[in-house]
file data32.cif (mmCIF, C-alpha atoms)
data_my_file
loop_
_atom_site.label_atom_id
_atom_site.label_comp_id
_atom_site.auth_asym_id
_atom_site.auth_seq_id
_atom_site.Cartn_x
_atom_site.Cartn_y
_atom_site.Cartn_z
CA MET A 7 0.00 0.00 0.00
CA SER A 8 2.84 2.32 0.85
CA LEU A 9 4.92 1.51 -2.20
CA PRO A 10 2.55 2.83 -4.94
CA GLU A 11 2.03 5.94 -2.81
CA ALA A 12 5.77 6.62 -2.71
CA VAL A 13 6.18 5.92 -6.41
CA LEU A 14 3.35 8.26 -7.21
CA ALA A 15 4.86 11.05 -5.09
CA ALA A 16 8.25 10.59 -6.75
CA ALA A 17 6.66 10.76 -10.17
CA ARG A 18 4.76 13.91 -9.23
CA SER A 19 7.85 15.68 -8.00
CA ARG A 20 9.72 14.63 -11.14
CA ILE A 21 7.00 16.08 -13.35
CA ARG A 22 7.14 19.31 -11.36
CA ARG A 23 10.90 19.49 -11.77
CA ILE A 24 10.59 19.01 -15.51
CA ARG A 25 7.99 21.73 -15.77
CA VAL A 26 10.02 24.19 -13.73
CA ARG A 27 13.09 23.39 -15.81
CA ALA A 28 11.05 23.95 -18.96
CA LEU A 29 10.00 27.31 -17.55
CA LEU A 30 13.55 28.30 -16.74
CA ALA A 31 15.27 26.78 -19.76
CA PRO A 32 16.53 29.28 -22.35
CA ALA A 33 14.85 27.34 -25.11
CA GLY A 34 13.97 29.35 -28.18
CA THR A 35 10.62 27.78 -28.90
CA PRO A 36 7.93 29.98 -30.39
CA ARG A 37 5.70 29.71 -27.31
CA HIS A 38 8.52 31.31 -25.32
CA TRP A 39 8.71 34.17 -27.72
CA VAL A 40 5.03 34.97 -27.47
CA ALA A 41 5.28 34.95 -23.68
CA THR A 42 8.45 37.05 -23.84
CA VAL A 43 6.92 39.68 -26.07
CA LEU A 44 3.94 39.97 -23.72
CA ALA A 45 6.30 40.17 -20.73
CA VAL A 46 8.21 42.99 -22.42
CA ILE A 47 4.93 44.80 -23.01
CA LEU A 48 3.96 44.34 -19.36
CA GLY A 49 7.31 45.64 -18.11
CA PHE A 50 7.09 48.61 -20.42
CA GLY A 51 3.51 49.28 -19.30
CA ILE A 52 4.46 49.11 -15.62
CA VAL A 53 7.24 51.65 -16.09
CA THR A 54 5.00 53.94 -18.14
CA THR A 55 2.26 53.82 -15.50
CA TRP A 56 4.78 54.38 -12.75
CA ARG A 57 6.14 57.42 -14.55
CA ALA A 58 2.64 58.75 -15.18
CA SER A 59 1.57 58.38 -11.55
CA HIS A 60 4.79 59.93 -10.27
CA SER A 61 4.80 62.89 -12.57
CA SER A 62 4.75 66.17 -10.69
CA ASP A 63 1.56 67.32 -12.37
CA VAL A 64 -1.38 65.91 -10.43
CA LEU A 65 -3.84 67.09 -13.04
CA THR A 66 -2.57 64.73 -15.75
CA THR A 67 -3.57 61.62 -13.76
CA ALA A 68 -6.74 62.97 -12.13
CA ARG A 69 -10.05 61.42 -13.14
CA PRO A 70 -12.65 63.49 -15.02
CA ASP A 71 -14.94 63.87 -12.00
CA GLN A 72 -12.07 65.05 -9.82
CA LEU A 73 -11.09 67.55 -12.47
CA LEU A 74 -14.69 68.71 -12.66
CA SER A 75 -14.96 69.44 -8.95
CA LEU A 76 -11.57 71.21 -9.04
CA LEU A 77 -12.78 73.30 -11.93
CA ASP A 78 -16.03 74.12 -10.13
CA ASN A 79 -14.15 75.29 -7.06
CA LEU A 80 -11.87 77.47 -9.14
CA ALA A 81 -14.79 78.95 -11.07
CA ALA A 82 -16.68 79.79 -7.87
CA ARG A 83 -13.57 81.36 -6.37
CA GLN A 84 -12.90 83.34 -9.50
CA HIS A 85 -16.48 84.57 -9.50
CA ARG A 86 -16.20 85.76 -5.90
CA LEU A 87 -12.90 87.51 -6.53
CA GLN A 88 -14.27 89.14 -9.64
CA GLU A 89 -17.25 90.51 -7.73
CA GLU A 90 -14.99 91.88 -5.05
CA GLN A 91 -12.73 93.39 -7.64
CA GLU A 92 -15.65 95.11 -9.35
CA ARG A 93 -16.92 96.48 -6.08
CA LEU A 94 -13.50 97.82 -5.15
CA ALA A 95 -13.03 99.27 -8.62
CA VAL A 96 -16.32 101.16 -8.30
CA THR A 97 -15.29 102.49 -4.90
CA ARG A 98 -11.92 103.54 -6.24
CA GLU A 99 -13.54 105.21 -9.22
CA LYS A 100 -15.74 107.21 -6.92
CA LEU A 101 -12.89 108.19 -4.66
CA VAL A 102 -10.56 109.22 -7.48
CA ALA A 103 -12.97 110.96 -9.82
CA GLY A 104 -15.41 112.17 -7.29
CA SER A 105 -15.13 114.85 -4.92
CA GLN A 106 -14.50 114.79 -1.28
CA LYS A 107 -18.20 114.17 -0.93
CA ALA A 108 -17.83 110.56 -2.15
CA ALA A 109 -14.95 109.96 0.22
CA LEU A 110 -16.96 111.44 3.01
CA ALA A 111 -19.98 109.25 2.18
CA GLU A 112 -17.77 106.18 2.12
CA ALA A 113 -16.29 107.06 5.47
CA GLN A 114 -19.76 107.70 6.83
CA VAL A 115 -20.96 104.25 5.74
CA ARG A 116 -18.02 102.63 7.46
CA LEU A 117 -18.51 104.76 10.53
CA ASN A 118 -22.14 103.65 10.77
CA ALA A 119 -21.19 100.00 10.40
CA LEU A 120 -18.53 100.32 13.07
CA ARG A 121 -20.93 102.20 15.35
CA VAL A 122 -23.42 99.35 15.11
CA LEU A 123 -20.67 96.87 15.90
CA ALA A 124 -19.31 98.87 18.79
CA GLY A 125 -22.79 99.65 20.09
CA THR A 126 -22.24 103.38 20.47
CA THR A 127 -25.50 104.31 18.75
CA SER A 128 -28.99 102.98 19.10
CA VAL A 129 -30.03 100.66 16.32
CA LYS A 130 -33.48 100.32 14.79
CA GLY A 131 -34.75 97.65 12.48
CA PRO A 132 -36.45 94.29 12.11
CA GLY A 133 -35.26 91.40 14.18
CA VAL A 134 -36.17 88.73 16.67
CA ILE A 135 -36.95 88.62 20.38
CA VAL A 136 -36.11 85.56 22.46
CA ARG A 137 -37.80 85.49 25.86
CA ILE A 138 -36.27 83.04 28.31
CA ASN A 139 -38.48 82.61 31.34
CA ASP A 140 -36.50 81.01 34.13
CA PRO A 141 -38.25 81.56 37.47
CA ASP A 142 -36.16 78.91 39.26
CA TYR A 143 -32.76 80.32 38.18
CA LEU A 144 -31.82 77.11 36.37
CA ILE A 145 -30.16 78.68 33.35
CA PRO A 146 -26.41 79.29 33.66
CA ALA A 147 -24.72 82.24 32.00
CA SER A 148 -23.08 79.89 29.48
CA MET A 149 -26.46 79.01 27.99
CA VAL A 150 -27.39 82.64 27.62
CA LEU A 151 -24.04 83.14 25.90
CA ASP A 152 -24.84 80.19 23.61
CA THR A 153 -28.06 81.95 22.64
CA VAL A 154 -26.13 85.10 21.79
CA GLN A 155 -23.58 83.14 19.75
CA GLU A 156 -26.30 81.34 17.84
CA LEU A 157 -27.97 84.64 16.98
CA ARG A 158 -24.62 86.03 15.82
CA ASP A 159 -24.05 83.00 13.64
CA ALA A 160 -27.49 83.52 12.14
CA GLY A 161 -26.51 87.03 11.09
CA ALA A 162 -27.51 89.28 13.97
CA GLU A 163 -26.07 92.78 13.56
CA ALA A 164 -26.81 94.04 17.05
CA ILE A 165 -27.85 92.17 20.19
CA SER A 166 -29.00 93.16 23.64
CA ILE A 167 -29.96 91.21 26.76
CA ASN A 168 -32.54 92.96 28.96
CA GLN A 169 -31.60 96.29 27.35
CA VAL A 170 -27.87 95.74 27.89
CA ARG A 171 -26.09 95.93 24.52
CA VAL A 172 -23.81 93.02 23.68
CA VAL A 173 -20.80 94.19 21.66
CA ALA A 174 -17.37 92.91 20.72
CA ASN A 175 -15.87 93.22 24.21
CA SER A 176 -18.97 92.19 26.19
CA TRP A 177 -18.88 89.40 28.70
CA VAL A 178 -21.46 87.17 30.37
CA ALA A 179 -20.94 85.46 33.73
CA ASP A 180 -22.88 83.78 36.51
CA SER A 181 -23.77 86.21 39.24
CA ALA A 182 -22.65 85.46 42.80
CA ALA A 183 -26.20 86.11 43.96
CA SER A 184 -28.69 84.80 41.43
CA GLY A 185 -29.13 85.48 37.74
CA ILE A 186 -26.32 86.55 35.41
CA LEU A 187 -23.95 89.44 34.89
CA VAL A 188 -23.64 91.09 31.48
CA ASN A 189 -20.92 93.73 31.19
CA GLY A 190 -21.06 94.02 34.97
CA THR A 191 -24.81 94.64 35.09
CA ALA A 192 -26.75 92.11 37.18
CA LEU A 193 -29.73 90.70 35.32
CA LYS A 194 -32.56 88.57 36.62
CA PRO A 195 -34.87 86.33 34.63
CA PRO A 196 -36.90 86.50 32.53
CA TYR A 197 -34.16 87.34 30.05
CA THR A 198 -35.14 89.11 26.88
CA VAL A 199 -32.57 88.70 24.13
CA ALA A 200 -33.27 91.09 21.27
CA ALA A 201 -31.36 90.85 18.00
CA ILE A 202 -31.55 93.01 14.90
CA GLY A 203 -31.05 91.33 11.55
CA ASP A 204 -32.96 88.92 9.36
CA GLY A 205 -35.70 87.90 11.80
CA ARG A 206 -36.79 84.81 9.95
CA THR A 207 -33.29 83.36 9.64
CA MET A 208 -32.58 83.95 13.30
CA ALA A 209 -35.92 82.47 14.39
CA VAL A 210 -35.16 79.35 12.35
CA ALA A 211 -31.68 79.17 13.88
CA MET A 212 -33.23 79.32 17.35
CA ARG A 213 -35.59 76.45 16.53
CA ILE A 214 -33.02 74.01 15.11
CA PRO A 215 -33.82 70.61 16.67
CA GLY A 216 -31.30 69.96 19.43
CA GLY A 217 -30.24 73.61 19.26
CA VAL A 218 -30.37 76.46 21.71
CA THR A 219 -34.10 76.43 22.36
CA ASP A 220 -34.18 72.71 23.01
CA ALA A 221 -31.18 72.95 25.33
CA LEU A 222 -32.85 75.74 27.32
CA LYS A 223 -36.06 73.77 27.58
CA VAL A 224 -34.20 70.68 28.78
CA ALA A 225 -32.51 72.84 31.41
CA GLY A 226 -35.93 73.87 32.70
CA ALA A 227 -36.72 77.23 31.13
CA THR A 228 -39.60 78.21 28.89
CA VAL A 229 -38.58 79.93 25.68
CA ARG A 230 -40.56 82.05 23.30
CA VAL A 231 -39.16 83.23 20.00
CA SER A 232 -40.96 85.97 18.12
CA ALA A 233 -39.98 87.95 15.06
CA SER A 234 -40.46 91.68 15.24
CA LYS A 235 -40.62 94.33 12.53
CA HIS A 236 -39.53 97.25 14.64
CA LEU A 237 -36.90 96.82 17.30
CA THR A 238 -34.81 99.51 18.92
CA LEU A 239 -31.64 98.67 20.78
CA ALA A 240 -30.18 101.26 23.10
CA PRO A 241 -26.47 102.07 22.87
CA VAL A 242 -23.93 100.74 25.31
CA LYS A 243 -24.05 102.64 28.56
CA SER A 244 -20.68 104.16 29.17
CA THR A 245 -19.05 102.57 32.17
CA ARG A 246 -16.41 105.23 32.39
CA MET B 23 13.46 32.08 -18.06
CA ILE B 24 13.26 34.06 -21.24
CA PRO B 25 9.91 35.65 -20.34
CA VAL B 26 11.39 36.80 -17.00
CA ILE B 27 14.29 38.38 -18.88
CA GLY B 28 11.66 39.88 -21.18
CA LEU B 29 9.93 41.50 -18.23
CA LEU B 30 13.21 43.00 -17.04
CA ALA B 31 14.01 44.08 -20.60
CA GLY B 32 10.64 45.83 -20.77
CA VAL B 33 11.33 47.65 -17.50
CA ILE B 34 14.81 48.71 -18.62
CA LEU B 35 13.46 49.73 -22.02
CA GLY B 36 10.84 51.87 -20.27
CA LEU B 37 13.47 53.46 -18.04
CA PHE B 38 15.61 54.24 -21.09
CA ILE B 39 12.97 55.57 -23.44
CA LYS B 40 11.11 57.41 -20.67
CA PRO B 41 7.74 57.01 -22.37
CA ASP B 42 5.01 59.52 -21.66
CA ALA B 43 1.65 57.89 -22.08
CA PRO B 44 -0.67 59.88 -24.33
CA TYR B 45 -3.07 61.74 -22.09
CA TRP B 46 -6.22 60.00 -23.43
CA LEU B 47 -4.68 56.66 -22.43
CA GLN B 48 -3.62 57.66 -18.93
CA PRO B 49 -6.83 56.80 -17.03
CA TYR B 50 -6.85 53.31 -18.54
CA LEU B 51 -3.17 52.41 -18.31
CA PRO B 52 -3.07 51.44 -14.59
CA ILE B 53 -6.11 49.20 -15.02
CA ALA B 54 -4.61 47.66 -18.15
CA VAL B 55 -1.37 46.92 -16.28
CA VAL B 56 -3.27 45.23 -13.44
CA ALA B 57 -5.21 43.18 -15.99
CA ALA B 58 -1.95 42.17 -17.69
CA MET B 59 -0.50 41.14 -14.34
CA ASP B 60 -3.56 38.97 -13.80
CA ALA B 61 -2.94 37.27 -17.15
CA VAL B 62 0.73 36.73 -16.34
CA PHE B 63 -0.03 35.18 -12.95
CA GLY B 64 -2.58 32.95 -14.65
CA ALA B 65 0.07 31.89 -17.17
CA VAL B 66 2.64 31.08 -14.47
CA ARG B 67 0.04 29.00 -12.72
CA ALA B 68 -0.76 27.22 -16.00
CA VAL B 69 2.93 26.41 -16.44
CA PHE B 70 2.97 24.70 -13.05
CA ASP B 71 -0.28 22.92 -13.80
CA GLY B 72 1.22 21.74 -17.07
CA SER B 73 -1.57 23.29 -19.11
CA PHE B 74 0.28 26.34 -20.45
CA ASP B 75 -0.65 27.26 -23.99
CA ASP B 76 0.87 30.28 -25.64
CA LYS B 77 -2.26 30.92 -27.67
CA VAL B 78 -4.42 30.92 -24.56
CA PHE B 79 -1.93 33.20 -22.83
CA PHE B 80 -1.89 35.66 -25.70
CA VAL B 81 -5.67 35.73 -26.00
CA SER B 82 -6.23 36.09 -22.25
CA PHE B 83 -3.58 38.84 -22.05
CA ALA B 84 -5.09 40.82 -24.91
CA SER B 85 -8.71 40.33 -23.89
CA ASN B 86 -8.04 41.10 -20.22
CA VAL B 87 -6.32 44.37 -21.06
CA THR B 88 -8.91 45.36 -23.64
CA ILE B 89 -11.97 44.51 -21.56
CA ALA B 90 -10.57 46.22 -18.46
CA ALA B 91 -9.77 49.40 -20.36
CA MET B 92 -13.11 49.28 -22.17
CA LEU B 93 -15.07 48.89 -18.93
CA VAL B 94 -13.30 51.87 -17.40
CA PHE B 95 -13.96 53.89 -20.53
CA LEU B 96 -17.62 52.86 -20.40
CA GLY B 97 -17.78 53.76 -16.70
CA ASP B 98 -16.20 57.14 -17.38
CA SER B 99 -18.75 57.90 -20.07
CA ILE B 100 -21.72 57.06 -17.83
CA GLY B 101 -20.26 58.80 -14.78
CA VAL B 102 -19.21 55.83 -12.63
CA GLY B 103 -15.59 55.70 -13.80
CA SER B 104 -13.90 55.71 -10.41
CA GLN B 105 -16.29 53.11 -8.96
CA MET B 106 -15.86 50.97 -12.05
CA SER B 107 -12.05 51.04 -11.84
CA THR B 108 -12.22 50.22 -8.12
CA GLY B 109 -14.44 47.24 -8.87
CA ILE B 110 -12.17 46.01 -11.67
CA VAL B 111 -9.06 46.33 -9.52
CA ILE B 112 -10.75 44.38 -6.71
CA ILE B 113 -11.79 41.54 -9.04
CA LEU B 114 -8.38 41.33 -10.71
CA THR B 115 -6.59 41.43 -7.37
CA LEU B 116 -8.76 38.59 -6.12
CA ARG B 117 -7.78 36.54 -9.15
CA ILE B 118 -4.10 37.39 -8.75
CA PHE B 119 -4.25 36.26 -5.14
CA SER B 120 -5.93 32.96 -5.97
CA ASN B 121 -3.38 32.31 -8.76
CA ALA B 122 -0.54 33.23 -6.42
CA ALA B 123 -1.94 30.78 -3.87
CA ALA B 124 -1.97 27.99 -6.49
CA ILE B 125 1.62 28.79 -7.49
CA ARG B 126 2.65 28.85 -3.86
CA ARG B 127 1.09 25.40 -3.34
CA HIS B 128 3.18 24.04 -6.21
CA PHE B 129 6.34 25.54 -4.77
CA PHE B 130 5.99 24.80 -1.09
CA LYS B 131 3.27 22.14 -1.22
CA ALA B 132 1.41 24.18 1.36
#
call {"tool": "encode", "arguments": {"input": "data32.cif", "output": "structure tokens"}}
result
Amino acid sequence: MSLPEAVLAAARSRIRRIRVRALLAPAGTPRHWVATVLAVILGFGIVTTWRASHSSDVLTTARPDQLLSLLDNLAARQHRLQEEQERLAVTREKLVAGSQKAALAEAQVRLNALRVLAGTTSVKGPGVIVRINDPDYLIPASMVLDTVQELRDAGAEAISINQVRVVANSWVADSAASGILVNGTALKPPYTVAAIGDGRTMAVAMRIPGGVTDALKVAGATVRVSASKHLTLAPVKSTR
Amino acid sequence: MIPVIGLLAGVILGLFIKPDAPYWLQPYLPIAVVAAMDAVFGAVRAVFDGSFDDKVFFVSFASNVTIAAMLVFLGDSIGVGSQMSTGIVIILTLRIFSNAAAIRRHFFKA
């Protein structure tokens, strides 16, 4: 039983040796030449592909869809820059050709914008009012600050909390007693956060599921958001 | 042995000539090379199995390369080019691995 097994194994290994030798032998049979030509083509192709993928220019190997998105980005950017350039060119035109009046008007526009930002003038306009009723003093200052940040993100130009204007250097903190401190003024609930800007956008931002309003409600306050056509925010009270 | 020398000759030839693939061919070249590698691994396996036939090798080499490139081209024209090339590379790699396993079994009997 063991003898045929051994003979068979020996025969198998002999066949394998012959085949490997045939593979390695430098015989010039036609079948070798076909295989050789194809091997040359493969080697050549590998090197060509390697060179193509290592060329410094990424664009030559990028796929059409990648190129398309790159092109889209560039077009959008170019469009933006062009708009800005046109706007600046118009301003320059006015300043150069025009009188001092144009320069003055330009300066006035910037002054107004900066005044709104700094809160030195009262601001009128449409906006949104967020009333946070918190009779049990559950809302920390950080959540009021979150509300302010959310309104800013939604495009608020000017914000006040209980008539205290919130500007670039304003701060909000928990009061040692109860309620919160805004710019050093102690405030007690209910808090009324008024913001001037696009009322609808800001109202939507307030109502984002899982957003500010939800967080305040979870913390135990009742919140009411209402858009208003005519809001007036008082200027910052000078602390000096 | 000669085909192995041929492969090296092809590589050296490529390094010498420094070919730049025409730009319309560039998306298809990597796929074609992977397809060719699949054919070569299949041929090596056939040699060990004792069923190598140069005609079969030539036809499988040519058809593999052509079909792979054609599929990518087709994918590019209907907007699924990158997915198509990913799919082709996966299939061809699977085949290369199974052929390599067969070759390995012949060599190490394991």
call {"tool": "resolve_selection", "arguments": {"input": "data32.cif", "expression": "the PyMOL selection byres ((chain A and resi 162) around 10)", "output": "list in words"}}
result
Gly133, Val134, Val154, Gln155, Glu156, Leu157, Arg158, Asp159, Ala160, Gly161, Glu163, Ala164, Ile165, Ala200, Ala201, Ile202, Gly203, Asp204, Gly205, Thr207 and Met208 of chain A
call {"tool": "resolve_selection", "arguments": {"input": "data32.cif", "expression": "the PyMOL selection byres ((chain B) within 10 of (chain A))", "output": "ChimeraX atom specification"}}
result
/B:23-37,39-46,48-59,61-62,65-66,69-72,74-77,79-80,83-84,98-99,101-104,128-129
call {"tool": "residues_around", "arguments": {"input": "data32.cif", "residues": "Thr115 (chain B)", "least_positions_apart": "4", "cutoff": "10 Å", "atoms": "all atoms listed in the file", "output": "ChimeraX atom specification"}}
result
/B:56-57,59-60,109-111,119-121
call {"tool": "resolve_selection", "arguments": {"input": "data32.cif", "expression": "the PyMOL selection byres ((chain A and resi 180-196) around 10)", "output": "number ranges by chain"}}
result
A: 137-148, 150-151, 166-173, 175-179, 197-199, 227-229, 242-243, 245
call {"tool": "atom_distance", "arguments": {"input": "data32.cif", "atom1": "CA of Arg67 (chain B)", "atom2": "CA of Met106 (chain B)"}}
result
27.1 Å
call {"tool": "atom_distance", "arguments": {"input": "data32.cif", "atom1": "CA of Glu112 (chain A)", "atom2": "CA of Pro241 (chain A)"}}
result
22.9 Å
call {"tool": "atom_distance", "arguments": {"input": "data32.cif", "atom1": "CA of Leu101 (chain A)", "atom2": "CA of Gln114 (chain A)"}}
result
13.4 Å
call {"tool": "axis_aligned_box", "arguments": {"input": "data32.cif", "around": "region 226-234 of chain A", "padding_each_side": "5 Å", "output": "lines of an AutoDock Vina configuration file"}}
result
center_x = -38.4
center_y = 82.8
center_z = 23.9
size_x = 15.0
size_y = 27.8
size_z = 27.6
call {"tool": "closest_residue", "arguments": {"input": "data32.cif", "among": "A:Leu73, A:Ile135, A:Leu117, A:Ala16", "to": "Ser234 (chain A)", "atoms": "all atoms listed in the file"}}
result
A:Ile135
